[in-house]
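Note: the block below is data34.pdb and it holds PDB, C-alpha atoms and all ligand atoms.
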```
ATOM      1  CA  MET A 489      73.830 112.098 110.023
ATOM      2  CA  GLY A 490      70.236 110.896 109.995
ATOM      3  CA  ILE A 491      69.295 107.566 108.514
ATOM      4  CA  VAL A 492      66.572 109.152 106.412
ATOM      5  CA  SER A 493      66.952 112.785 105.517
ATOM      6  CA  PRO A 494      63.891 114.773 104.474
ATOM      7  CA  GLY A 495      65.169 115.454 100.989
ATOM      8  CA  PHE A 496      65.245 111.938  99.689
ATOM      9  CA  ARG A 497      61.505 111.826  98.944
ATOM     10  CA  ARG A 498      62.229 114.182  96.109
ATOM     11  CA  ARG A 499      63.929 111.670  93.941
ATOM     12  CA  ARG A 500      62.918 108.303  95.133
ATOM     13  CA  ARG A 501      60.345 105.631  95.514
ATOM     14  CA  ASP A 502      60.167 106.373  99.215
ATOM     15  CA  ASP A 503      59.247 103.336 101.221
ATOM     16  CA  ASP A 504      60.687 100.702  98.977
ATOM     17  CA  VAL A 505      64.212 102.050  98.697
ATOM     18  CA  GLN A 506      66.484  99.085  98.101
ATOM     19  CA  LEU A 507      69.911  99.445  99.616
ATOM     20  CA  PRO A 508      72.730  96.902  99.650
ATOM     21  CA  PRO A 509      73.156  95.147 103.018
ATOM     22  CA  GLY A 510      74.618  97.274 105.796
ATOM     23  CA  GLN A 511      74.239 100.599 103.951
ATOM     24  CA  TYR A 512      72.373 103.752 105.047
ATOM     25  CA  LEU A 513      71.110 106.635 102.945
ATOM     26  CA  THR A 514      72.783 110.007 102.879
ATOM     27  CA  GLU A 515      72.028 113.218 101.051
ATOM     28  CA  ASP A 516      75.541 114.515 101.645
ATOM     29  CA  PHE A 517      78.514 113.686  99.514
ATOM     30  CA  PRO A 518      81.238 112.878 102.044
ATOM     31  CA  VAL A 519      84.782 113.555 100.897
ATOM     32  CA  LEU A 520      87.196 110.678 101.424
ATOM     33  CA  SER A 521      90.748 111.108 100.232
ATOM     34  CA  ALA A 522      93.869 109.072 100.733
ATOM     35  CA  GLY A 523      96.091 111.992  99.872
ATOM     36  CA  PRO A 524      96.281 115.641  98.930
ATOM     37  CA  THR A 525      93.932 116.873  96.210
ATOM     38  CA  PRO A 526      96.058 117.136  93.060
ATOM     39  CA  ASN A 527      95.967 120.303  91.024
ATOM     40  CA  ILE A 528      95.842 119.241  87.381
ATOM     41  CA  PRO A 529      95.929 121.971  84.707
ATOM     42  CA  LEU A 530      93.563 120.959  81.898
ATOM     43  CA  ASP A 531      96.130 121.716  79.192
ATOM     44  CA  ARG A 532      98.374 119.072  80.742
ATOM     45  CA  TRP A 533      95.637 116.567  81.616
ATOM     46  CA  GLU A 534      95.504 113.340  79.671
ATOM     47  CA  PHE A 535      93.843 109.965  79.890
ATOM     48  CA  VAL A 536      95.873 106.965  78.758
ATOM     49  CA  ILE A 537      94.818 103.371  78.208
ATOM     50  CA  ALA A 538      97.898 101.124  78.026
ATOM     51  CA  SER A 539      97.397  97.608  76.736
ATOM     52  CA  GLU A 540      99.248  94.523  77.981
ATOM     53  CA  THR A 541     101.535  94.766  74.939
ATOM     54  CA  GLY A 542     102.531  98.314  75.845
ATOM     55  CA  GLN A 543     100.484 100.067  73.192
ATOM     56  CA  GLU A 544      99.078 103.376  74.445
ATOM     57  CA  TYR A 545      95.867 105.151  73.544
ATOM     58  CA  ARG A 546      95.746 108.805  74.653
ATOM     59  CA  TRP A 547      93.129 111.510  74.959
ATOM     60  CA  THR A 548      93.761 115.130  75.830
ATOM     61  CA  TRP A 549      91.145 117.085  77.774
ATOM     62  CA  ASP A 550      89.806 118.652  74.571
ATOM     63  CA  GLU A 551      89.670 115.304  72.807
ATOM     64  CA  LEU A 552      87.689 113.821  75.686
ATOM     65  CA  GLN A 553      85.209 116.711  75.571
ATOM     66  CA  GLU A 554      84.659 116.180  71.852
ATOM     67  CA  LEU A 555      83.564 112.581  72.304
ATOM     68  CA  PRO A 556      79.834 111.861  72.598
ATOM     69  CA  ALA A 557      78.852 112.182  76.265
ATOM     70  CA  GLU A 558      76.399 110.139  78.291
ATOM     71  CA  GLU A 559      74.488 111.282  81.370
ATOM     72  CA  PRO A 560      74.175 108.346  83.725
ATOM     73  CA  THR A 561      71.979 108.674  86.815
ATOM     74  CA  VAL A 562      73.116 106.049  89.281
ATOM     75  CA  ASP A 563      73.136 105.001  92.929
ATOM     76  CA  ILE A 564      76.528 104.982  94.620
ATOM     77  CA  HIS A 565      77.590 102.903  97.602
ATOM     78  CA  CYS A 566      80.619 103.677  99.745
ATOM     79  CA  VAL A 567      82.271 100.897 101.742
ATOM     80  CA  THR A 568      82.106 103.207 104.780
ATOM     81  CA  LYS A 569      78.373 102.438 104.622
ATOM     82  CA  TRP A 570      76.763 105.505 103.089
ATOM     83  CA  SER A 571      74.746 105.185  99.913
ATOM     84  CA  LYS A 572      73.574 108.065  97.782
ATOM     85  CA  LEU A 573      70.731 107.528  95.344
ATOM     86  CA  GLY A 574      70.051 109.022  91.939
ATOM     87  CA  THR A 575      73.329 110.874  91.437
ATOM     88  CA  SER A 576      73.707 112.335  87.955
ATOM     89  CA  TRP A 577      76.927 112.574  86.032
ATOM     90  CA  ARG A 578      78.162 113.455  82.577
ATOM     91  CA  GLY A 579      81.048 111.798  80.849
ATOM     92  CA  VAL A 580      82.285 109.327  78.282
ATOM     93  CA  SER A 581      81.505 105.628  78.343
ATOM     94  CA  LEU A 582      84.480 103.304  78.723
ATOM     95  CA  ASP A 583      82.927 101.257  75.902
ATOM     96  CA  LEU A 584      83.653 104.140  73.580
ATOM     97  CA  LEU A 585      87.198 104.662  74.856
ATOM     98  CA  MET A 586      87.923 100.936  74.607
ATOM     99  CA  GLU A 587      86.438 100.632  71.125
ATOM    100  CA  ASP A 588      89.733 100.686  69.217
ATOM    101  CA  VAL A 589      91.906  99.208  71.954
ATOM    102  CA  GLU A 590      93.348  95.844  71.013
ATOM    103  CA  THR A 591      93.570  93.666  74.069
ATOM    104  CA  THR A 592      92.995  90.199  75.409
ATOM    105  CA  ALA A 593      93.594  91.327  79.000
ATOM    106  CA  ASP A 594      91.193  90.282  81.729
ATOM    107  CA  TYR A 595      92.098  92.972  84.265
ATOM    108  CA  ALA A 596      92.587  96.695  84.512
ATOM    109  CA  LEU A 597      94.509  98.708  87.074
ATOM    110  CA  ALA A 598      93.120 102.235  87.144
ATOM    111  CA  HIS A 599      95.638 104.841  88.208
ATOM    112  CA  SER A 600      95.220 108.438  89.220
ATOM    113  CA  TYR A 601      97.043 111.722  89.448
ATOM    114  CA  GLY A 602      98.481 111.647  92.958
ATOM    115  CA  GLY A 603      99.326 107.946  92.802
ATOM    116  CA  TYR A 604      96.067 106.212  93.776
ATOM    117  CA  THR A 605      95.302 102.862  92.124
ATOM    118  CA  THR A 606      92.394 100.412  92.071
ATOM    119  CA  ASN A 607      91.970  97.091  90.290
ATOM    120  CA  LEU A 608      88.954  95.784  88.388
ATOM    121  CA  PRO A 609      88.139  92.988  85.976
ATOM    122  CA  LEU A 610      88.048  94.568  82.530
ATOM    123  CA  GLU A 611      84.539  93.259  81.910
ATOM    124  CA  ASP A 612      83.303  95.426  84.800
ATOM    125  CA  LEU A 613      84.365  98.502  82.838
ATOM    126  CA  LEU A 614      82.464  97.496  79.691
ATOM    127  CA  ASP A 615      78.850  97.035  78.541
ATOM    128  CA  GLY A 616      77.563 100.363  79.847
ATOM    129  CA  LYS A 617      78.835  99.840  83.386
ATOM    130  CA  ALA A 618      81.592 102.483  83.610
ATOM    131  CA  TRP A 619      82.413 106.027  82.543
ATOM    132  CA  ILE A 620      85.068 108.702  82.738
ATOM    133  CA  VAL A 621      82.955 111.533  84.174
ATOM    134  CA  TYR A 622      83.713 115.256  84.348
ATOM    135  CA  GLU A 623      80.372 116.716  85.506
ATOM    136  CA  TYR A 624      78.365 116.054  88.640
ATOM    137  CA  GLU A 625      74.766 117.299  89.047
ATOM    138  CA  GLY A 626      75.164 119.674  86.121
ATOM    139  CA  SER A 627      78.396 121.340  87.248
ATOM    140  CA  GLU A 628      81.998 120.615  86.530
ATOM    141  CA  LEU A 629      83.340 117.962  88.851
ATOM    142  CA  ALA A 630      84.918 119.636  91.894
ATOM    143  CA  PRO A 631      88.531 118.706  92.712
ATOM    144  CA  GLN A 632      87.623 117.225  96.110
ATOM    145  CA  HIS A 633      85.197 114.865  94.343
ATOM    146  CA  GLY A 634      87.793 113.797  91.799
ATOM    147  CA  GLY A 635      87.782 116.570  89.205
ATOM    148  CA  PRO A 636      88.714 117.274  86.545
ATOM    149  CA  ALA A 637      87.675 113.691  85.808
ATOM    150  CA  ARG A 638      87.069 110.490  87.728
ATOM    151  CA  LEU A 639      86.219 106.921  86.969
ATOM    152  CA  LEU A 640      82.580 106.004  87.707
ATOM    153  CA  VAL A 641      81.832 102.307  88.277
ATOM    154  CA  PRO A 642      78.640 102.501  90.338
ATOM    155  CA  HIS A 643      77.913  98.775  90.609
ATOM    156  CA  LEU A 644      81.017  98.335  92.802
ATOM    157  CA  TYR A 645      81.886 100.056  96.088
ATOM    158  CA  PHE A 646      82.820 103.651  95.425
ATOM    159  CA  TRP A 647      86.557 103.290  96.174
ATOM    160  CA  LYS A 648      86.703 101.573  92.757
ATOM    161  CA  SER A 649      85.528 104.843  91.144
ATOM    162  CA  ALA A 650      89.008 106.343  91.183
ATOM    163  CA  LYS A 651      89.156 110.108  91.659
ATOM    164  CA  TRP A 652      91.542 112.180  89.466
ATOM    165  CA  VAL A 653      91.783 109.283  87.051
ATOM    166  CA  ARG A 654      94.734 109.338  84.712
ATOM    167  CA  GLY A 655      94.614 106.003  82.931
ATOM    168  CA  LEU A 656      94.074 102.281  82.794
ATOM    169  CA  GLN A 657      96.782  99.646  82.637
ATOM    170  CA  LEU A 658      95.331  96.517  81.013
ATOM    171  CA  GLN A 659      96.926  93.293  82.130
ATOM    172  CA  GLU A 660      96.486  89.558  82.131
ATOM    173  CA  PHE A 661      96.863  89.274  85.901
ATOM    174  CA  ASP A 662      95.013  90.898  88.760
ATOM    175  CA  GLU A 663      97.273  93.402  90.531
ATOM    176  CA  LEU A 664      95.872  94.724  93.791
ATOM    177  CA  GLY A 665      95.296  98.464  94.026
ATOM    178  CA  PHE A 666      95.812 100.936  96.866
ATOM    179  CA  TRP A 667      93.037  99.816  99.242
ATOM    180  CA  GLU A 668      92.818  96.257  97.933
ATOM    181  CA  SER A 669      96.429  95.629  98.967
ATOM    182  CA  VAL A 670      95.740  96.596 102.565
ATOM    183  CA  GLY A 671      92.654  94.619 103.434
ATOM    184  CA  TYR A 672      89.815  95.763 101.186
ATOM    185  CA  HIS A 673      88.072  93.278  98.948
ATOM    186  CA  ASP A 674      89.538  92.476  95.549
ATOM    187  CA  TYR A 675      86.171  92.900  93.763
ATOM    188  CA  GLY A 676      83.927  94.954  96.091
ATOM    189  CA  ASP A 677      80.340  94.082  95.174
ATOM    190  CA  PRO A 678      78.077  96.027  97.572
ATOM    191  CA  TRP A 679      75.147  93.641  97.061
ATOM    192  CA  ARG A 680      77.301  90.758  98.309
ATOM    193  CA  GLU A 681      78.789  93.034 100.984
ATOM    194  CA  GLN A 682      82.355  92.389  99.834
ATOM    195  CA  ARG A 683      83.998  95.003 102.037
ATOM    196  CA  TYR A 684      87.167  93.307 103.244
ATOM    197  CA  ALA A 685      89.416  90.572 101.871
ATOM    198  CA  GLY A 686      87.759  87.271 102.639
ATOM    199  CA  ASP A 687      84.192  88.653 102.842
TER     200      ASP A 687
ATOM    201  CA  MET B  60      87.156 121.320 104.299
ATOM    202  CA  THR B  61      89.755 123.388 106.102
ATOM    203  CA  GLN B  62      92.557 120.861 106.241
ATOM    204  CA  GLU B  63      92.954 117.694 104.237
ATOM    205  CA  TYR B  64      95.022 115.862 106.822
ATOM    206  CA  GLN B  65      95.699 115.432 110.517
ATOM    207  CA  ASP B  66      99.066 114.885 112.171
ATOM    208  CA  GLY B  67     100.385 111.453 113.076
ATOM    209  CA  ASN B  68      99.053 111.616 116.610
ATOM    210  CA  ALA B  69      95.778 110.529 114.989
ATOM    211  CA  LEU B  70      97.434 107.120 114.677
ATOM    212  CA  ALA B  71      98.048 106.729 118.408
ATOM    213  CA  GLY B  72      94.754 104.948 119.136
ATOM    214  CA  PRO B  73      94.649 102.535 116.212
ATOM    215  CA  LEU B  74      98.370 101.666 116.535
ATOM    216  CA  ALA B  75      98.035 101.061 120.270
ATOM    217  CA  GLU B  76      95.702  98.199 119.399
ATOM    218  CA  LEU B  77      98.509  96.481 117.489
ATOM    219  CA  PHE B  78     101.740  97.426 119.231
ATOM    220  CA  ALA B  79     102.796  97.339 122.835
ATOM    221  CA  VAL B  80     104.978 100.432 122.379
ATOM    222  CA  ASP B  81     103.861 103.927 121.439
ATOM    223  CA  VAL B  82     104.668 103.911 117.733
ATOM    224  CA  THR B  83     103.879 107.607 117.321
ATOM    225  CA  ALA B  84     107.107 108.284 119.256
ATOM    226  CA  ALA B  85     109.114 106.161 116.805
ATOM    227  CA  THR B  86     110.992 107.690 113.903
ATOM    228  CA  GLY B  87     110.611 106.303 110.401
ATOM    229  CA  ARG B  88     112.752 106.734 107.325
ATOM    230  CA  CYS B  89     110.855 107.497 104.103
ATOM    231  CA  VAL B  90     111.535 105.028 101.271
ATOM    232  CA  SER B  91     111.085 107.736  98.689
ATOM    233  CA  CYS B  92     113.150 110.695  99.935
ATOM    234  CA  GLY B  93     115.096 109.228 102.844
ATOM    235  CA  ASP B  94     113.946 111.822 105.359
ATOM    236  CA  THR B  95     113.596 110.640 108.920
ATOM    237  CA  ARG B  96     110.392 111.702 110.645
ATOM    238  CA  ARG B  97     108.582 111.015 113.867
ATOM    239  CA  VAL B  98     105.398 109.048 113.179
ATOM    240  CA  ALA B  99     103.582 111.781 115.111
ATOM    241  CA  ASP B 100     104.721 114.281 112.477
ATOM    242  CA  LEU B 101     103.414 112.372 109.456
ATOM    243  CA  ARG B 102     100.377 113.672 107.548
ATOM    244  CA  VAL B 103      97.395 111.402 108.070
ATOM    245  CA  TYR B 104      94.636 111.279 105.432
ATOM    246  CA  GLY B 105      91.406 109.420 104.864
ATOM    247  CA  HIS B 106      90.387 108.202 108.277
ATOM    248  CA  ALA B 107      87.177 106.618 106.960
ATOM    249  CA  LEU B 108      88.485 103.750 104.792
ATOM    250  CA  GLY B 109      91.720 103.600 106.698
ATOM    251  CA  TRP B 110      94.620 105.721 107.844
ATOM    252  CA  VAL B 111      97.116 106.822 105.212
ATOM    253  CA  ALA B 112     100.195 108.480 106.678
ATOM    254  CA  ARG B 113     102.383 110.422 104.271
ATOM    255  CA  CYS B 114     105.884 111.825 104.510
ATOM    256  CA  PRO B 115     105.670 115.579 105.208
ATOM    257  CA  SER B 116     108.668 116.164 102.917
ATOM    258  CA  CYS B 117     107.615 114.324  99.757
ATOM    259  CA  GLU B 118     104.048 113.051 100.444
ATOM    260  CA  HIS B 119     105.022 109.463  99.756
ATOM    261  CA  VAL B 120     102.810 106.981 101.644
ATOM    262  CA  MET B 121     104.836 105.719 104.620
ATOM    263  CA  LEU B 122     102.175 103.811 106.539
ATOM    264  CA  ARG B 123      98.690 102.481 105.877
ATOM    265  CA  LEU B 124      96.359 101.002 108.434
ATOM    266  CA  VAL B 125      92.937  99.464 107.826
ATOM    267  CA  ARG B 126      90.690  98.355 110.679
ATOM    268  CA  ALA B 127      87.995  95.811 109.818
ATOM    269  CA  PRO B 128      85.594  94.639 112.523
ATOM    270  CA  ASP B 129      87.652  91.512 113.204
ATOM    271  CA  ALA B 130      91.158  92.315 111.907
ATOM    272  CA  ALA B 131      93.581  95.087 111.099
ATOM    273  CA  TRP B 132      95.991  95.424 108.195
ATOM    274  CA  ILE B 133      99.143  97.465 108.412
ATOM    275  CA  ASP B 134     101.450  98.292 105.527
ATOM    276  CA  LEU B 135     104.898  99.799 106.054
ATOM    277  CA  GLN B 136     106.241  99.423 102.495
ATOM    278  CA  GLY B 137     106.927 103.143 102.401
ATOM    279  CA  THR B 138     108.980 103.054 105.610
ATOM    280  CA  LEU B 139     112.544 101.868 105.234
ATOM    281  CA  SER B 140     113.017 101.401 108.951
ATOM    282  CA  LEU B 141     111.343 102.400 112.167
ATOM    283  CA  ARG B 142     113.429 103.451 115.182
ATOM    284  CA  VAL B 143     111.504 102.751 118.350
ATOM    285  CA  PRO B 144     112.835 104.405 121.513
ATOM    286  CA  LEU B 145     113.047 101.957 124.438
ATOM    287  CA  PRO B 146     114.203 102.205 128.046
ATOM    288  CA  PRO B 147     117.876 101.139 128.408
ATOM    289  CA  ALA B 148     118.156  97.345 128.552
TER     290      ALA B 148
HETATM  291 ZN    ZN A 701     109.615 111.350 101.807
END
```
Can you dump the structure from the file as structure tokens?
Ligand SMILES: [Zn+2]
Amino acid sequence: MGIVSPGFRRRRRDDDVQLPPGQYLTEDFPVLSAGPTPNIPLDRWEFVIASETGQEYRWTWDELQELPAEEPTVDIHCVTKWSKLGTSWRGVSLDLLMEDVETTADYALAHSYGGYTTNLPLEDLLDGKAWIVYEYEGSELAPQHGGPARLLVPHLYFWKSAKWVRGLQLQEFDELGFWESVGYHDYGDPWREQRYAGD
Amino acid sequence: MTQEYQDGNALAGPLAELFAVDVTAATGRCVSCGDTRRVADLRVYGHALGWVARCPSCEHVMLRLVRAPDAAWIDLQGTLSLRVPLPPA
């Protein structure tokens, strides 16, 4: 894979591309999976936010589609060192989904169909920083990229943007997720190059 | 993408860094379904962030291995026990 592929001129500020430390640009969208791609029928899909008191807030696929959508265009940074600039998505802001959720929790554990988990401070999911997305570049999100829906938290390394997202468990303590419990950084800020625990 | 996973022989190199014996020849018992499998027969996913080896019977994660530049992490929570063949003592 080249460091600079010819296509990137198209969408970007050319010479002054700002990448987090240690990252290189790619035009591809590498597929990284920790398990088999789950097959999730849309009539059985649901997204559930569970508060620390056990209260659950649920959305079916149709209910999610009826909510006002946003179309974020964001840069994404994978801990395996590729960055992809100006990716466009369509989905629902977590601010909207969290609007009626009563919680004093500081942390969220995102969990996915297939069993994947990742942990984040709740504040990193709010204030326009995170979405549940179901379209990528104008098409429905392909299963290998996390469809029918994935979490999108572009300001953190991309492993935090859980594919096949199924829900959020809100909690008062920080519980390490799938990669975080085996050496990856608890928070994962690409601009501070927080790749591994202790970085 | 033709196949989502490789077989457990993909673990031979990274495990050889950590263990003096060939762990791919060992047999592990899956925490989830109890099946006993050779490490070489596990299904290995996601070689970029780390190696995730799953039970071929139930797909439960039996072994995870992450290699950072200056350390490695190994997790065997999903493996009840590992039988390592050794020459007679
Ligand atoms: Zn099993």
Kindly compile the residues surrounding ligand ZN 701 (chain A) within 6 Å, counting only C-alpha atoms and all ligand atoms, and format them as a compact mmCIF listing (two decimals) with C-alpha atoms, in the coordinates of the input.
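File written: part-v7.txt
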```txt
# COMPACT_ATOMS: atom_id res chain seq x y z
CA CYS B 89 110.86 107.50 104.10
CA SER B 91 111.08 107.74 98.69
CA CYS B 92 113.15 110.70 99.94
CA GLY B 93 115.10 109.23 102.84
CA ASP B 94 113.95 111.82 105.36
CA CYS B 114 105.88 111.82 104.51
CA SER B 116 108.67 116.16 102.92
CA CYS B 117 107.62 114.32 99.76
CA GLU B 118 104.05 113.05 100.44
CA HIS B 119 105.02 109.46 99.76
```
Please tabulate, as a tab-separated table, the residues of chain B that come within 6 Å of chain A, each with its closest pair of atoms and the distance in Å to one decimal, counting all atoms listed in the file and ordering rows by chain, then residue number upward.
```
residue	atom	partner	partner_atom	distance
B:Tyr104	CA	A:Ala522	CA	5.2
B:Gly105	CA	A:Ala522	CA	4.8
B:Val111	CA	A:Ala522	CA	6.0
B:Trp132	CA	A:Val670	CA	5.8
```
I need the output of the PyMOL selection byres (((chain A and resi 635) around 9) and not hetatm) for this file as a ChimeraX atom specification; which residues are they?
/A:528,621-623,628-634,636-638,651-653
Skipping near chain neighbours, those fewer than 6 positions away, what residues fall within 9 Å of Ala85 of chain B using all atoms listed in the file, listed as a PyMOL selection string?
chain B and resi 96-99+141-144
On this file, the PyMOL selection byres (((chain A and resi 616-618) around 9) and not hetatm) gives some set of residues; write that set as a compact mmCIF listing (two decimals) with C-alpha atoms, in the frame of the given file.
```txt
# COMPACT_ATOMS: atom_id res chain seq x y z
CA VAL A 580 82.28 109.33 78.28
CA SER A 581 81.50 105.63 78.34
CA LEU A 582 84.48 103.30 78.72
CA ASP A 583 82.93 101.26 75.90
CA GLU A 611 84.54 93.26 81.91
CA ASP A 612 83.30 95.43 84.80
CA LEU A 613 84.36 98.50 82.84
CA LEU A 614 82.46 97.50 79.69
CA ASP A 615 78.85 97.04 78.54
CA TRP A 619 82.41 106.03 82.54
CA ILE A 620 85.07 108.70 82.74
CA LEU A 639 86.22 106.92 86.97
CA LEU A 640 82.58 106.00 87.71
CA VAL A 641 81.83 102.31 88.28
CA PRO A 642 78.64 102.50 90.34
CA HIS A 643 77.91 98.78 90.61
CA SER A 649 85.53 104.84 91.14
```
Expanded to explicit residues, what is the PyMOL selection byres (((chain B and resi 64) around 6) and not hetatm) for this file, as a ChimeraX atom specification?
/B:62-63,65,102-104
Between atom CA of Glu515 of chain A and atom CA of Pro560 of chain A, measure the distance and give it in Å to one decimal.
18.1 Å
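One distance worth recording is that between atom CA of Val120 of chain B and atom CA of Trp570 of chain A, which is 26.1 Å.
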Could you tell me how far atom CA of Asp129 of chain B sits from atom CA of Pro609 of chain A, in Å to one decimal place?
27.3 Å
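When only C-alpha atoms are used to compute distances to Thr138 of chain B, the closest of the residues B:Leu108, B:Val90, B:Ala69, B:Leu74 turns out to be B:Val90.
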Among B:Gly109, B:Gly72, B:Gly67, B:Gly87, Ala131 of chain B is approached most closely, using only C-alpha atoms, by B:Gly109
Box for segment 130-139 of chain B: with edges along x, y and z, all listed atoms inside and 3 Å added on each side, what are the centre and edge lengths in Å to one decimal, as lines of an AutoDock Vina configuration file?
```
center_x = 101.9
center_y = 97.7
center_z = 107.2
size_x = 27.4
size_y = 16.8
size_z = 15.5
```
Segment 528-545 of chain A rebuilt with N, CA, C and O atoms, output as a PDB file, keeping the file's coordinate frame:
```pdb
ATOM      1  N   ILE A 528      95.487 119.718  88.712  1.00  0.00           N
ATOM      2  CA  ILE A 528      95.842 119.241  87.381  1.00  0.00           C
ATOM      3  C   ILE A 528      95.387 120.246  86.322  1.00  0.00           C
ATOM      4  O   ILE A 528      94.198 120.339  86.031  1.00  0.00           O
ATOM      5  N   PRO A 529      96.315 121.028  85.755  1.00  0.00           N
ATOM      6  CA  PRO A 529      95.929 121.971  84.707  1.00  0.00           C
ATOM      7  C   PRO A 529      95.365 121.216  83.504  1.00  0.00           C
ATOM      8  O   PRO A 529      95.920 120.203  83.088  1.00  0.00           O
ATOM      9  N   LEU A 530      94.238 121.704  82.968  1.00  0.00           N
ATOM     10  CA  LEU A 530      93.563 120.959  81.898  1.00  0.00           C
ATOM     11  C   LEU A 530      94.419 120.836  80.640  1.00  0.00           C
ATOM     12  O   LEU A 530      94.286 119.871  79.893  1.00  0.00           O
ATOM     13  N   ASP A 531      95.308 121.811  80.408  1.00  0.00           N
ATOM     14  CA  ASP A 531      96.130 121.716  79.192  1.00  0.00           C
ATOM     15  C   ASP A 531      97.231 120.657  79.337  1.00  0.00           C
ATOM     16  O   ASP A 531      97.909 120.327  78.368  1.00  0.00           O
ATOM     17  N   ARG A 532      97.395 120.145  80.552  1.00  0.00           N
ATOM     18  CA  ARG A 532      98.374 119.072  80.742  1.00  0.00           C
ATOM     19  C   ARG A 532      97.697 117.744  81.090  1.00  0.00           C
ATOM     20  O   ARG A 532      98.352 116.722  81.216  1.00  0.00           O
ATOM     21  N   TRP A 533      96.378 117.786  81.265  1.00  0.00           N
ATOM     22  CA  TRP A 533      95.637 116.567  81.616  1.00  0.00           C
ATOM     23  C   TRP A 533      95.627 115.610  80.425  1.00  0.00           C
ATOM     24  O   TRP A 533      95.537 116.028  79.277  1.00  0.00           O
ATOM     25  N   GLU A 534      95.738 114.329  80.716  1.00  0.00           N
ATOM     26  CA  GLU A 534      95.504 113.340  79.671  1.00  0.00           C
ATOM     27  C   GLU A 534      95.002 112.058  80.305  1.00  0.00           C
ATOM     28  O   GLU A 534      95.198 111.804  81.498  1.00  0.00           O
ATOM     29  N   PHE A 535      94.313 111.277  79.471  1.00  0.00           N
ATOM     30  CA  PHE A 535      93.843 109.965  79.890  1.00  0.00           C
ATOM     31  C   PHE A 535      94.474 108.947  78.950  1.00  0.00           C
ATOM     32  O   PHE A 535      94.432 109.105  77.732  1.00  0.00           O
ATOM     33  N   VAL A 536      95.093 107.928  79.542  1.00  0.00           N
ATOM     34  CA  VAL A 536      95.873 106.965  78.758  1.00  0.00           C
ATOM     35  C   VAL A 536      95.415 105.544  79.069  1.00  0.00           C
ATOM     36  O   VAL A 536      95.395 105.141  80.237  1.00  0.00           O
ATOM     37  N   ILE A 537      95.041 104.812  78.044  1.00  0.00           N
ATOM     38  CA  ILE A 537      94.818 103.371  78.208  1.00  0.00           C
ATOM     39  C   ILE A 537      96.037 102.669  77.635  1.00  0.00           C
ATOM     40  O   ILE A 537      96.380 102.870  76.471  1.00  0.00           O
ATOM     41  N   ALA A 538      96.720 101.876  78.468  1.00  0.00           N
ATOM     42  CA  ALA A 538      97.898 101.124  78.026  1.00  0.00           C
ATOM     43  C   ALA A 538      97.542  99.646  77.995  1.00  0.00           C
ATOM     44  O   ALA A 538      97.052  99.098  78.986  1.00  0.00           O
ATOM     45  N   SER A 539      97.748  99.022  76.852  1.00  0.00           N
ATOM     46  CA  SER A 539      97.397  97.608  76.736  1.00  0.00           C
ATOM     47  C   SER A 539      98.509  96.754  77.319  1.00  0.00           C
ATOM     48  O   SER A 539      99.596  97.243  77.649  1.00  0.00           O
ATOM     49  N   GLU A 540      98.257  95.458  77.420  1.00  0.00           N
ATOM     50  CA  GLU A 540      99.248  94.523  77.981  1.00  0.00           C
ATOM     51  C   GLU A 540     100.475  94.396  77.089  1.00  0.00           C
ATOM     52  O   GLU A 540     101.527  93.955  77.538  1.00  0.00           O
ATOM     53  N   THR A 541     100.366  94.814  75.822  1.00  0.00           N
ATOM     54  CA  THR A 541     101.535  94.766  74.939  1.00  0.00           C
ATOM     55  C   THR A 541     102.319  96.078  74.976  1.00  0.00           C
ATOM     56  O   THR A 541     103.349  96.213  74.317  1.00  0.00           O
ATOM     57  N   GLY A 542     101.822  97.045  75.731  1.00  0.00           N
ATOM     58  CA  GLY A 542     102.531  98.314  75.845  1.00  0.00           C
ATOM     59  C   GLY A 542     102.021  99.390  74.906  1.00  0.00           C
ATOM     60  O   GLY A 542     102.491 100.535  74.949  1.00  0.00           O
ATOM     61  N   GLN A 543     101.046  99.047  74.085  1.00  0.00           N
ATOM     62  CA  GLN A 543     100.484 100.067  73.192  1.00  0.00           C
ATOM     63  C   GLN A 543      99.640 101.055  74.004  1.00  0.00           C
ATOM     64  O   GLN A 543      98.906 100.650  74.912  1.00  0.00           O
ATOM     65  N   GLU A 544      99.774 102.349  73.670  1.00  0.00           N
ATOM     66  CA  GLU A 544      99.078 103.376  74.445  1.00  0.00           C
ATOM     67  C   GLU A 544      98.068 104.134  73.595  1.00  0.00           C
ATOM     68  O   GLU A 544      98.333 104.461  72.445  1.00  0.00           O
ATOM     69  N   TYR A 545      96.936 104.400  74.198  1.00  0.00           N
ATOM     70  CA  TYR A 545      95.867 105.151  73.544  1.00  0.00           C
ATOM     71  C   TYR A 545      95.613 106.371  74.425  1.00  0.00           C
ATOM     72  O   TYR A 545      95.302 106.226  75.603  1.00  0.00           O
TER      73      TYR A 545
END
```
